[in-house]
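Text of my_file.cif (mmCIF, C-alpha atoms) as supplied:
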data_upload
loop_
_atom_site.group_PDB
_atom_site.id
_atom_site.type_symbol
_atom_site.label_atom_id
_atom_site.label_comp_id
_atom_site.auth_asym_id
_atom_site.auth_seq_id
_atom_site.Cartn_x
_atom_site.Cartn_y
_atom_site.Cartn_z
ATOM 1 C CA MET X 562 73.179 35.368 32.241
ATOM 2 C CA VAL X 563 73.582 32.568 29.748
ATOM 3 C CA ASN X 564 75.543 34.462 27.099
ATOM 4 C CA GLU X 565 77.719 36.494 29.427
ATOM 5 C CA GLY X 566 80.940 35.099 28.026
ATOM 6 C CA ARG X 567 79.809 35.868 24.521
ATOM 7 C CA ASP X 568 78.956 39.452 25.474
ATOM 8 C CA GLN X 569 82.365 39.883 27.036
ATOM 9 C CA LYS X 570 83.958 38.661 23.865
ATOM 10 C CA LEU X 571 81.903 41.153 21.849
ATOM 11 C CA ASN X 572 82.496 44.100 24.151
ATOM 12 C CA GLY X 573 86.023 43.157 25.179
ATOM 13 C CA PRO X 574 89.302 44.647 23.926
ATOM 14 C CA ARG X 575 89.453 44.917 20.158
ATOM 15 C CA SER X 576 92.328 45.010 17.718
ATOM 16 C CA SER X 577 93.520 48.414 16.528
ATOM 17 C CA PHE X 578 92.308 47.586 13.021
ATOM 18 C CA GLU X 579 88.803 46.911 14.287
ATOM 19 C CA LYS X 580 88.788 50.110 16.334
ATOM 20 C CA ALA X 581 89.852 52.163 13.327
ATOM 21 C CA PHE X 582 87.257 50.434 11.160
ATOM 22 C CA ARG X 583 84.496 51.247 13.627
ATOM 23 C CA ARG X 584 85.621 54.848 13.909
ATOM 24 C CA ILE X 585 85.541 55.238 10.145
ATOM 25 C CA LEU X 586 82.092 53.668 9.987
ATOM 26 C CA LYS X 587 80.764 56.408 12.266
ATOM 27 C CA ARG X 588 82.072 59.171 9.978
ATOM 28 C CA LYS X 589 79.885 60.927 7.478
ATOM 29 C CA PRO X 590 79.886 59.203 4.080
ATOM 30 C CA PHE X 591 80.114 55.736 5.586
ATOM 31 C CA SER X 592 77.542 56.324 8.283
ATOM 32 C CA THR X 593 75.115 57.648 5.670
ATOM 33 C CA ILE X 594 75.586 54.572 3.546
ATOM 34 C CA ARG X 595 75.315 52.334 6.571
ATOM 35 C CA ASN X 596 72.111 53.971 7.805
ATOM 36 C CA TRP X 597 70.641 53.867 4.313
ATOM 37 C CA GLY X 598 71.380 50.149 4.193
ATOM 38 C CA ILE X 599 69.945 49.478 7.640
ATOM 39 C CA SER X 600 66.750 51.399 6.867
ATOM 40 C CA TYR X 601 65.996 49.027 3.979
ATOM 41 C CA SER X 602 66.947 45.910 5.885
ATOM 42 C CA LEU X 603 64.438 45.723 8.716
ATOM 43 C CA TRP X 604 63.496 42.309 10.004
ATOM 44 C CA PRO X 605 60.528 42.396 12.390
ATOM 45 C CA VAL X 606 60.282 39.394 14.663
ATOM 46 C CA HIS X 607 57.047 37.371 14.824
ATOM 47 C CA PHE X 608 55.787 38.394 18.241
ATOM 48 C CA THR X 609 52.025 38.719 18.379
ATOM 49 C CA THR X 610 50.749 40.060 21.673
ATOM 50 C CA ALA X 611 47.156 40.876 20.710
ATOM 51 C CA CYS X 612 44.649 41.234 17.875
ATOM 52 C CA CYS X 613 46.747 43.830 15.983
ATOM 53 C CA GLY X 614 48.714 40.786 14.852
ATOM 54 C CA ALA X 615 46.033 40.214 12.216
ATOM 55 C CA GLU X 616 46.679 43.661 10.719
ATOM 56 C CA PHE X 617 50.397 43.022 10.997
ATOM 57 C CA ALA X 618 49.946 39.833 8.987
ATOM 58 C CA ALA X 619 47.872 41.699 6.382
ATOM 59 C CA THR X 620 50.586 44.350 6.104
ATOM 60 C CA PHE X 621 53.141 41.773 5.067
ATOM 61 C CA GLY X 622 50.704 39.829 2.916
ATOM 62 C CA PRO X 623 50.422 40.109 -0.878
ATOM 63 C CA ARG X 624 47.997 43.051 -1.027
ATOM 64 C CA PHE X 625 49.892 45.639 1.020
ATOM 65 C CA ASP X 626 53.252 43.903 0.672
ATOM 66 C CA ALA X 627 55.558 45.674 3.102
ATOM 67 C CA GLU X 628 58.485 43.780 1.635
ATOM 68 C CA ARG X 629 58.678 46.381 -1.138
ATOM 69 C CA PHE X 630 59.707 48.886 1.556
ATOM 70 C CA GLY X 631 62.429 46.604 2.820
ATOM 71 C CA ALA X 632 60.944 44.830 5.821
ATOM 72 C CA LEU X 633 60.133 41.163 6.162
ATOM 73 C CA PRO X 634 59.037 39.296 9.296
ATOM 74 C CA PHE X 635 61.341 36.529 10.345
ATOM 75 C CA VAL X 636 61.135 33.735 12.872
ATOM 76 C CA GLY X 637 64.445 33.902 14.710
ATOM 77 C CA THR X 638 64.710 36.510 17.434
ATOM 78 C CA ARG X 639 68.494 36.559 17.196
ATOM 79 C CA GLN X 640 68.346 37.231 13.461
ATOM 80 C CA CYS X 641 65.878 40.131 13.734
ATOM 81 C CA ASN X 642 66.431 43.811 14.352
ATOM 82 C CA MET X 643 62.891 45.108 14.790
ATOM 83 C CA ILE X 644 59.966 44.352 17.061
ATOM 84 C CA PHE X 645 56.348 45.398 16.614
ATOM 85 C CA ILE X 646 54.399 45.566 19.856
ATOM 86 C CA GLU X 647 51.125 44.408 18.366
ATOM 87 C CA GLY X 648 48.450 45.808 20.623
ATOM 88 C CA THR X 649 47.843 45.157 24.315
ATOM 89 C CA LEU X 650 50.819 44.194 26.383
ATOM 90 C CA THR X 651 49.804 42.330 29.525
ATOM 91 C CA LYS X 652 52.187 42.100 32.446
ATOM 92 C CA LYS X 653 52.990 38.488 31.690
ATOM 93 C CA MET X 654 53.600 39.231 28.003
ATOM 94 C CA ALA X 655 55.742 42.270 28.867
ATOM 95 C CA GLU X 656 58.277 39.940 30.468
ATOM 96 C CA ALA X 657 58.405 37.955 27.225
ATOM 97 C CA ALA X 658 58.658 41.151 25.138
ATOM 98 C CA LYS X 659 61.607 42.274 27.221
ATOM 99 C CA VAL X 660 63.373 38.939 26.729
ATOM 100 C CA VAL X 661 62.728 39.047 22.981
ATOM 101 C CA TYR X 662 64.042 42.605 22.773
ATOM 102 C CA GLN X 663 67.160 41.767 24.759
ATOM 103 C CA GLN X 664 67.913 38.838 22.470
ATOM 104 C CA MET X 665 67.921 40.929 19.300
ATOM 105 C CA PRO X 666 71.269 42.201 18.005
ATOM 106 C CA GLU X 667 72.016 45.935 17.812
ATOM 107 C CA PRO X 668 70.921 48.159 16.144
ATOM 108 C CA LYS X 669 67.291 47.378 16.976
ATOM 109 C CA PHE X 670 64.029 49.248 16.616
ATOM 110 C CA VAL X 671 60.655 49.120 18.357
ATOM 111 C CA LEU X 672 57.284 50.049 16.883
ATOM 112 C CA ALA X 673 54.218 50.247 19.103
ATOM 113 C CA MET X 674 51.050 49.401 17.230
ATOM 114 C CA GLY X 675 47.483 50.331 18.115
ATOM 115 C CA ALA X 676 45.725 52.346 20.800
ATOM 116 C CA CYS X 677 46.504 49.766 23.505
ATOM 117 C CA ALA X 678 50.216 50.179 22.922
ATOM 118 C CA ILE X 679 49.971 53.953 23.314
ATOM 119 C CA ASP X 680 48.010 54.406 26.548
ATOM 120 C CA GLY X 681 46.009 51.226 27.048
ATOM 121 C CA GLY X 682 43.149 51.788 24.598
ATOM 122 C CA ILE X 683 40.019 49.981 25.784
ATOM 123 C CA PHE X 684 42.073 48.512 28.619
ATOM 124 C CA TRP X 685 43.043 51.956 29.897
ATOM 125 C CA ASN X 686 43.692 52.014 33.643
ATOM 126 C CA SER X 687 43.447 48.245 33.824
ATOM 127 C CA TYR X 688 45.137 46.188 36.514
ATOM 128 C CA ASN X 689 47.003 44.002 34.081
ATOM 129 C CA ILE X 690 48.504 46.070 31.261
ATOM 130 C CA VAL X 691 51.898 47.616 30.652
ATOM 131 C CA LYS X 692 52.600 50.551 28.357
ATOM 132 C CA PRO X 693 55.355 49.501 25.953
ATOM 133 C CA HIS X 694 57.167 52.839 26.180
ATOM 134 C CA GLU X 695 57.719 52.206 29.879
ATOM 135 C CA ILE X 696 59.781 49.082 29.242
ATOM 136 C CA LEU X 697 61.162 49.479 25.698
ATOM 137 C CA PRO X 698 62.584 52.438 23.729
ATOM 138 C CA VAL X 699 59.775 52.890 21.206
ATOM 139 C CA ASP X 700 60.774 54.536 17.908
ATOM 140 C CA ALA X 701 57.324 55.206 16.475
ATOM 141 C CA PHE X 702 53.703 54.816 17.520
ATOM 142 C CA ILE X 703 51.010 53.730 15.084
ATOM 143 C CA THR X 704 47.498 54.931 15.928
ATOM 144 C CA GLY X 705 44.264 53.078 15.285
ATOM 145 C CA CYS X 706 42.256 50.320 16.873
ATOM 146 C CA PRO X 707 43.476 48.292 15.107
ATOM 147 C CA PRO X 708 45.571 50.328 12.675
ATOM 148 C CA ARG X 709 44.977 49.740 8.989
ATOM 149 C CA PRO X 710 47.869 48.141 7.095
ATOM 150 C CA GLU X 711 48.453 51.547 5.457
ATOM 151 C CA GLY X 712 49.006 52.947 8.945
ATOM 152 C CA VAL X 713 51.488 50.224 9.752
ATOM 153 C CA LEU X 714 53.318 50.970 6.503
ATOM 154 C CA ARG X 715 53.407 54.641 7.418
ATOM 155 C CA GLY X 716 54.919 53.800 10.800
ATOM 156 C CA LEU X 717 57.477 51.649 9.040
ATOM 157 C CA ILE X 718 58.398 54.438 6.606
ATOM 158 C CA MET X 719 58.617 56.917 9.489
ATOM 159 C CA THR X 720 61.058 54.606 11.236
ATOM 160 C CA GLN X 721 63.120 54.322 8.058
ATOM 161 C CA GLN X 722 63.257 58.106 7.739
ATOM 162 C CA LYS X 723 64.275 58.345 11.379
ATOM 163 C CA ILE X 724 67.073 55.849 10.855
ATOM 164 C CA ARG X 725 68.393 57.727 7.805
ATOM 165 C CA LYS X 726 68.087 61.127 9.447
ATOM 166 C CA ARG X 727 69.413 60.534 12.909
ATOM 167 C CA GLY X 728 71.546 57.470 12.442
ATOM 168 C CA THR X 729 71.385 54.332 14.455
ATOM 169 C CA PRO X 730 72.556 53.631 17.961
ATOM 170 C CA TYR X 731 75.572 51.395 17.948
ATOM 171 C CA PRO X 732 77.220 49.655 20.908
ATOM 172 C CA GLU X 733 80.203 51.681 22.055
ATOM 173 C CA SER X 734 83.515 50.240 20.983
ATOM 174 C CA MET M 270 21.033 27.034 48.650
ATOM 175 C CA ASP M 271 23.391 26.104 51.475
ATOM 176 C CA ALA M 272 27.006 26.093 50.346
ATOM 177 C CA ALA M 273 27.726 22.892 52.289
ATOM 178 C CA LYS M 274 25.172 20.978 50.218
ATOM 179 C CA LEU M 275 26.543 22.170 46.874
ATOM 180 C CA VAL M 276 28.426 18.995 45.961
ATOM 181 C CA GLU M 277 25.453 16.837 46.933
ATOM 182 C CA ALA M 278 23.153 18.938 44.760
ATOM 183 C CA ALA M 279 25.672 18.901 41.914
ATOM 184 C CA GLU M 280 25.800 15.100 41.967
ATOM 185 C CA LYS M 281 22.032 15.002 41.804
ATOM 186 C CA VAL M 282 21.985 17.398 38.843
ATOM 187 C CA ASN M 283 24.723 15.355 37.183
ATOM 188 C CA SER M 284 22.650 12.186 37.480
ATOM 189 C CA LEU M 285 19.793 13.951 35.635
ATOM 190 C CA GLY M 286 22.042 14.172 32.555
ATOM 191 C CA PHE M 287 23.641 17.613 32.839
ATOM 192 C CA ASP M 288 27.240 16.810 31.949
ATOM 193 C CA HIS M 289 29.309 20.012 31.906
ATOM 194 C CA VAL M 290 29.766 23.368 33.594
ATOM 195 C CA LYS M 291 29.449 26.303 31.221
ATOM 196 C CA SER M 292 30.674 29.002 33.553
ATOM 197 C CA VAL M 293 31.558 29.673 37.161
ATOM 198 C CA THR M 294 30.727 33.176 38.279
ATOM 199 C CA ALA M 295 31.389 34.945 41.539
ATOM 200 C CA ILE M 296 29.472 38.115 42.408
ATOM 201 C CA ASP M 297 30.899 40.393 45.069
ATOM 202 C CA TYR M 298 28.370 42.004 47.448
ATOM 203 C CA GLN M 299 30.581 44.170 49.584
ATOM 204 C CA GLN M 300 27.833 45.778 51.715
ATOM 205 C CA GLU M 301 26.109 42.488 52.496
ATOM 206 C CA ASN M 302 29.482 40.849 53.193
ATOM 207 C CA LYS M 303 28.897 37.888 50.918
ATOM 208 C CA ILE M 304 29.989 36.434 47.613
ATOM 209 C CA ASP M 305 27.446 34.690 45.414
ATOM 210 C CA MET M 306 28.669 31.708 43.458
ATOM 211 C CA VAL M 307 26.746 30.933 40.268
ATOM 212 C CA TYR M 308 27.329 27.730 38.307
ATOM 213 C CA HIS M 309 25.765 27.421 34.870
ATOM 214 C CA ILE M 310 25.351 23.824 33.867
ATOM 215 C CA SER M 311 24.175 22.273 30.619
ATOM 216 C CA SER M 312 24.404 19.099 28.600
ATOM 217 C CA PHE M 313 26.181 18.011 25.454
ATOM 218 C CA LEU M 314 24.929 14.433 25.146
ATOM 219 C CA ASN M 315 21.224 14.831 25.834
ATOM 220 C CA ALA M 316 19.623 16.792 22.978
ATOM 221 C CA GLU M 317 16.632 17.817 25.107
ATOM 222 C CA LEU M 318 18.727 19.032 28.023
ATOM 223 C CA ALA M 319 21.154 20.848 25.687
ATOM 224 C CA LYS M 320 18.493 23.543 25.301
ATOM 225 C CA VAL M 321 18.410 24.089 29.059
ATOM 226 C CA ILE M 322 20.925 25.932 31.199
ATOM 227 C CA PHE M 323 20.688 24.873 34.818
ATOM 228 C CA GLU M 324 21.786 27.333 37.467
ATOM 229 C CA LEU M 325 23.230 26.445 40.864
ATOM 230 C CA ARG M 326 23.512 29.460 43.125
ATOM 231 C CA THR M 327 24.894 29.743 46.618
ATOM 232 C CA SER M 328 26.232 32.413 48.957
ATOM 233 C CA ILE M 329 29.468 32.291 50.916
ATOM 234 C CA ASN M 330 31.084 34.523 53.484
ATOM 235 C CA ARG M 331 33.140 37.325 51.976
ATOM 236 C CA GLN M 332 35.790 37.375 54.714
ATOM 237 C CA ASP M 333 36.662 33.697 54.275
ATOM 238 C CA PRO M 334 35.370 32.715 50.824
ATOM 239 C CA LYS M 335 35.671 28.959 50.837
ATOM 240 C CA ILE M 336 33.686 26.427 48.843
ATOM 241 C CA HIS M 337 34.163 22.829 47.769
ATOM 242 C CA SER M 338 35.269 22.391 44.186
ATOM 243 C CA LEU M 339 32.917 20.703 41.716
ATOM 244 C CA ILE M 340 35.839 19.265 39.788
ATOM 245 C CA ASP M 341 35.014 15.703 40.943
ATOM 246 C CA VAL M 342 31.486 16.010 39.559
ATOM 247 C CA TRP M 343 32.298 17.952 36.388
ATOM 248 C CA PRO M 344 35.961 18.100 35.284
ATOM 249 C CA SER M 345 35.146 21.072 33.040
ATOM 250 C CA ALA M 346 34.781 23.194 36.190
ATOM 251 C CA GLU M 347 38.528 23.268 36.729
ATOM 252 C CA TYR M 348 39.535 26.249 34.583
ATOM 253 C CA PRO M 349 36.570 28.495 35.446
ATOM 254 C CA GLU M 350 37.207 27.767 39.114
ATOM 255 C CA ARG M 351 40.874 28.581 38.789
ATOM 256 C CA GLU M 352 39.910 31.825 37.060
ATOM 257 C CA THR M 353 37.549 32.655 39.932
ATOM 258 C CA LEU M 354 40.319 31.895 42.404
ATOM 259 C CA ASP M 355 42.619 34.153 40.413
ATOM 260 C CA LEU M 356 40.335 37.162 39.997
ATOM 261 C CA MET M 357 37.973 36.968 42.984
ATOM 262 C CA GLY M 358 39.993 35.082 45.570
ATOM 263 C CA VAL M 359 37.462 32.339 46.249
ATOM 264 C CA THR M 360 39.264 29.285 47.633
ATOM 265 C CA PHE M 361 38.143 25.932 46.252
ATOM 266 C CA ASP M 362 38.784 22.811 48.320
ATOM 267 C CA GLY M 363 39.897 19.892 46.199
ATOM 268 C CA LEU M 364 41.334 21.980 43.367
ATOM 269 C CA PRO M 365 44.704 20.409 42.461
ATOM 270 C CA GLN M 366 46.457 23.567 41.258
ATOM 271 C CA LYS M 367 46.125 26.691 43.328
ATOM 272 C CA GLU M 368 48.608 29.061 41.704
ATOM 273 C CA ARG M 369 47.709 32.062 39.533
ATOM 274 C CA LEU M 370 46.230 31.199 36.142
ATOM 275 C CA PHE M 371 46.089 34.513 34.243
ATOM 276 C CA LEU M 372 47.886 37.026 36.433
ATOM 277 C CA MET M 373 51.529 37.256 37.419
ATOM 278 C CA GLU M 374 52.604 35.016 40.286
ATOM 279 C CA ASN M 375 53.531 38.043 42.399
ATOM 280 C CA PHE M 376 50.243 39.891 41.799
ATOM 281 C CA GLU M 377 48.712 41.188 45.019
ATOM 282 C CA GLY M 378 44.983 41.279 45.626
ATOM 283 C CA PHE M 379 42.022 40.096 43.602
ATOM 284 C CA PRO M 380 41.229 42.561 40.813
ATOM 285 C CA LEU M 381 37.511 41.850 40.308
ATOM 286 C CA ARG M 382 36.602 42.507 43.938
ATOM 287 C CA LYS M 383 34.787 45.730 44.665
ATOM 288 C CA ASP M 384 37.397 46.957 47.150
ATOM 289 C CA PHE M 385 40.327 46.450 44.756
ATOM 290 C CA LYS M 386 42.108 49.779 44.345
ATOM 291 C CA LEU M 387 43.337 50.642 40.859
ATOM 292 C CA LYS M 388 46.325 52.844 40.267
ATOM 293 C CA THR M 389 44.782 55.868 38.543
ATOM 294 C CA GLU M 390 46.480 56.918 35.339
ATOM 295 C CA GLY M 391 46.236 59.792 32.901
ATOM 296 C CA ILE M 392 45.268 63.413 33.495
ATOM 297 C CA ASP M 393 43.491 62.714 36.820
ATOM 298 C CA ALA M 394 46.537 61.129 38.399
#
Rewrite the structure of this file - the entire thing - as structure tokens.
Amino acid sequence: MVNEGRDQKLNGPRSSFEKAFRRILKRKPFSTIRNWGISYSLWPVHFTTACCGAEFAATFGPRFDAERFGALPFVGTRQCNMIFIEGTLTKKMAEAAKVVYQQMPEPKFVLAMGACAIDGGIFWNSYNIVKPHEILPVDAFITGCPPRPEGVLRGLIMTQQKIRKRGTPYPES
Amino acid sequence: MDAAKLVEAAEKVNSLGFDHVKSVTAIDYQQENKIDMVYHISSFLNAELAKVIFELRTSINRQDPKIHSLIDVWPSAEYPERETLDLMGVTFDGLPQKERLFLMENFEGFPLRKDFKLKTEGIDA
């Protein structure tokens, strides 16, 4: 691993102040505020695997404008906390998706978009596809082939509700 | 046509003015134990020949599918031939790169062959 030393530094022994701070953050009023903040600060990474990428682009364009819900696509994987699996995931692309997901900082969220990302869609039972939920922890599925931008927005809002309701996974301190 | 005379025929067709390969197709006949290779050839430069699609068709043995590459005659044959190698397992002599083009490097078998077994998914599995 390239960033092993960095990970060790992040997960290594912490000061007592930091431990106390993290414990307080997990408690009720703070965790609610934190989850509320995270739910309106989603940064999907630009990772187009298939034709659903066009609908993804339309979702964040001026007409449907997903930025008003608090999500904006960004270029840097290490600065993003959300990944849309946009349609078919071939075996070769699944390797890339895994790398992209592993590079993102916690907490991170996965949305699977389109029929192909649910059970293969028109490529069902093909020799060369991977179902995203077999390799990544998918938070919400968006149906459609391809889904309309409204559908994508609905998936986004569902994810936000999930974050506020259940809280976000956080690396153990 | 005899597969051994394919390059010779291709050079002859090339000299007529057909300057590119449109597609390279392999058809799997499992019962007859053969694979048919179909080359579709046309022209960009000659306006008359651009309306025509020329077809070169030959049969090869299915157990040892080997044919000489047409890359020396038409460079545009390279990617279709590599795709055929990838999906049907036809070996082309004279092709510079022989690794997988579309599939994973560790993929086993040739998925467009009739005897390729798919892993069944869904409610029937």
Quiz item: What residues come out when you apply the PyMOL selection byres ((chain X and resi 725) around 8) to this file, written as a ChimeraX atom specification?
Solution: /X:593,596-597,600,721-724,726-728
Put those residues in a file: C-alpha atoms, as a short mmCIF file (atom, residue, chain, number, x, y, z; two decimals), in the frame of the given file.
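Below is the file result-v4.cif, written as the result:
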data_model
loop_
_atom_site.label_atom_id
_atom_site.label_comp_id
_atom_site.auth_asym_id
_atom_site.auth_seq_id
_atom_site.Cartn_x
_atom_site.Cartn_y
_atom_site.Cartn_z
CA THR X 593 75.11 57.65 5.67
CA ASN X 596 72.11 53.97 7.80
CA TRP X 597 70.64 53.87 4.31
CA SER X 600 66.75 51.40 6.87
CA GLN X 721 63.12 54.32 8.06
CA GLN X 722 63.26 58.11 7.74
CA LYS X 723 64.28 58.34 11.38
CA ILE X 724 67.07 55.85 10.86
CA LYS X 726 68.09 61.13 9.45
CA ARG X 727 69.41 60.53 12.91
CA GLY X 728 71.55 57.47 12.44
#
Quiz prompt | Protein, DNA and RNA residues within 7 Å of (69.5, 35.0, 17.0), all atoms listed in the file, as a VMD selection string | solution = chain X and resid 637 to 640 664 to 665
Exercise. Return as a list in words the set of residues that the PyMOL selection byres ((chain X) within 8 of (chain M)) yields on the displayed structure.
Key: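 So the PyMOL selection byres ((chain X) within 8 of (chain M)) ends up selecting Lys652, Lys653, Asn686, Ser687, Tyr688 and Asn689 of chain X.
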Self-check item: Explicit residue set for the PyMOL selection byres ((chain M and resi 295-304) around 6), as a PyMOL selection string
Solution: chain M and resi 294+305-306+328-331
Residues proximal to (25.4, 22.3, 37.9) were defined as those with any atom within 8 Å of that point in the file's coordinates, counting all atoms listed in the file. Which are they, as a compact mmCIF listing (two decimals) with C-alpha atoms, keeping the file's coordinate frame?
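File produced: selection_10.txt:
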# COMPACT_ATOMS: atom_id res chain seq x y z
CA ALA M 278 23.15 18.94 44.76
CA ALA M 279 25.67 18.90 41.91
CA VAL M 282 21.98 17.40 38.84
CA ASN M 283 24.72 15.36 37.18
CA PHE M 287 23.64 17.61 32.84
CA HIS M 289 29.31 20.01 31.91
CA VAL M 290 29.77 23.37 33.59
CA TYR M 308 27.33 27.73 38.31
CA HIS M 309 25.76 27.42 34.87
CA ILE M 310 25.35 23.82 33.87
CA SER M 311 24.18 22.27 30.62
CA PHE M 323 20.69 24.87 34.82
CA GLU M 324 21.79 27.33 37.47
CA LEU M 325 23.23 26.44 40.86
Practice problem: Would you kindly return, as a list in words, each protein, DNA or RNA residue with an atom no farther than 6 Å from any atom of segment 697-709 of chain X, considering all atoms listed in the file and excluding same-chain residues fewer than 6 positions away? | Solution: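 Skipping anything fewer than 6 positions along the chain leaves Cys613, Val671, Leu672, Ala673, Met674, Gly675, Ala676 and Gly716 of chain X.
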Exercise. Find the spatial neighbours of Ala655 of chain X, counting all atoms listed in the file, within a cut-off of 8 Å - ignore same-chain residues fewer than 6 positions away - and output them as an NGL selection string.
Key: :X and (691 or 693 or 696)
Self-check item: Of the listed residues M:Leu364, M:Val293, M:Met270, M:Ala319, that which approaches Val307 of chain M most closely, counting all atoms listed in the file
Solution: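 The answer is M:Val293, which sits nearest to Val307 of chain M.
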Practice problem: Using all atoms listed in the file, find the one residue out of X:Arg629, X:Pro590, X:His694, X:Thr609 that sits nearest to Ala657 of chain X. | Solution: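 Counting all atoms listed in the file, the residue closest to Ala657 of chain X is X:Thr609.
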Quiz item: Which residue out of X:Arg595, X:Lys587, X:His607, X:Lys580 has the minimum interatomic distance to Tyr662 of chain X when only C-alpha atoms are used?
Solution: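 Closest to Tyr662 of chain X of all the choices is X:His607.
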Exercise. Using all atoms listed in the file, pick whichever of M:Asn375, M:Ser312, M:Ser345, M:Ser338 has the shortest atom-to-atom distance to Gly363 of chain M.
Key: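 Using all atoms listed in the file, the shortest distance to Gly363 of chain M belongs to M:Ser338.
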Practice problem: Go ahead and compute the interatomic distance for atom CA of Leu354 of chain M and atom CA of Gln332 of chain M, in Å to one decimal. | Solution: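 Spanning atom CA of Leu354 of chain M to atom CA of Gln332 of chain M is a straight-line distance of 14.2 Å.
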Where atoms are absent from segment 682-700 of chain X, fill them in so it carries N, CA and C atoms, then output it as an mmCIF file, in the coordinates of the input.
data_model
loop_
_atom_site.group_PDB
_atom_site.id
_atom_site.type_symbol
_atom_site.label_atom_id
_atom_site.label_comp_id
_atom_site.auth_asym_id
_atom_site.auth_seq_id
_atom_site.Cartn_x
_atom_site.Cartn_y
_atom_site.Cartn_z
ATOM 1 N N GLY X 682 44.322 51.972 25.439
ATOM 2 C CA GLY X 682 43.149 51.788 24.598
ATOM 3 C C GLY X 682 41.911 51.439 25.412
ATOM 4 N N ILE X 683 41.213 50.369 25.030
ATOM 5 C CA ILE X 683 40.019 49.981 25.784
ATOM 6 C C ILE X 683 40.386 49.392 27.128
ATOM 7 N N PHE X 684 41.649 49.043 27.320
ATOM 8 C CA PHE X 684 42.073 48.512 28.619
ATOM 9 C C PHE X 684 42.735 49.596 29.464
ATOM 10 N N TRP X 685 42.432 50.849 29.175
ATOM 11 C CA TRP X 685 43.043 51.956 29.897
ATOM 12 C C TRP X 685 42.767 51.821 31.399
ATOM 13 N N ASN X 686 43.799 52.077 32.181
ATOM 14 C CA ASN X 686 43.692 52.014 33.643
ATOM 15 C C ASN X 686 43.339 50.614 34.144
ATOM 16 N N SER X 687 43.724 49.610 33.388
ATOM 17 C CA SER X 687 43.447 48.245 33.824
ATOM 18 C C SER X 687 44.512 47.786 34.813
ATOM 19 N N TYR X 688 44.191 46.700 35.516
ATOM 20 C CA TYR X 688 45.137 46.188 36.514
ATOM 21 C C TYR X 688 46.224 45.339 35.904
ATOM 22 N N ASN X 689 46.117 45.045 34.626
ATOM 23 C CA ASN X 689 47.003 44.002 34.081
ATOM 24 C C ASN X 689 47.719 44.412 32.802
ATOM 25 N N ILE X 690 47.811 45.700 32.496
ATOM 26 C CA ILE X 690 48.504 46.070 31.261
ATOM 27 C C ILE X 690 49.752 46.892 31.564
ATOM 28 N N VAL X 691 50.648 46.870 30.588
ATOM 29 C CA VAL X 691 51.898 47.616 30.652
ATOM 30 C C VAL X 691 51.950 48.483 29.402
ATOM 31 N N LYS X 692 52.397 49.722 29.551
ATOM 32 C CA LYS X 692 52.600 50.551 28.357
ATOM 33 C C LYS X 692 53.983 50.246 27.806
ATOM 34 N N PRO X 693 54.060 49.934 26.502
ATOM 35 C CA PRO X 693 55.355 49.501 25.953
ATOM 36 C C PRO X 693 56.459 50.531 26.133
ATOM 37 N N HIS X 694 56.099 51.839 26.086
ATOM 38 C CA HIS X 694 57.167 52.839 26.180
ATOM 39 C C HIS X 694 57.755 52.922 27.579
ATOM 40 N N GLU X 695 57.132 52.232 28.542
ATOM 41 C CA GLU X 695 57.719 52.206 29.879
ATOM 42 C C GLU X 695 58.795 51.136 30.019
ATOM 43 N N ILE X 696 58.792 50.154 29.130
ATOM 44 C CA ILE X 696 59.781 49.082 29.242
ATOM 45 C C ILE X 696 60.715 49.003 28.050
ATOM 46 N N LEU X 697 60.311 49.561 26.891
ATOM 47 C CA LEU X 697 61.162 49.479 25.698
ATOM 48 C C LEU X 697 61.313 50.878 25.085
ATOM 49 N N PRO X 698 62.438 51.154 24.414
ATOM 50 C CA PRO X 698 62.584 52.438 23.729
ATOM 51 C C PRO X 698 61.845 52.435 22.392
ATOM 52 N N VAL X 699 60.617 52.957 22.404
ATOM 53 C CA VAL X 699 59.775 52.890 21.206
ATOM 54 C C VAL X 699 60.197 53.977 20.209
ATOM 55 N N ASP X 700 60.368 53.593 18.949
ATOM 56 C CA ASP X 700 60.774 54.536 17.908
ATOM 57 C C ASP X 700 59.582 55.258 17.313
#
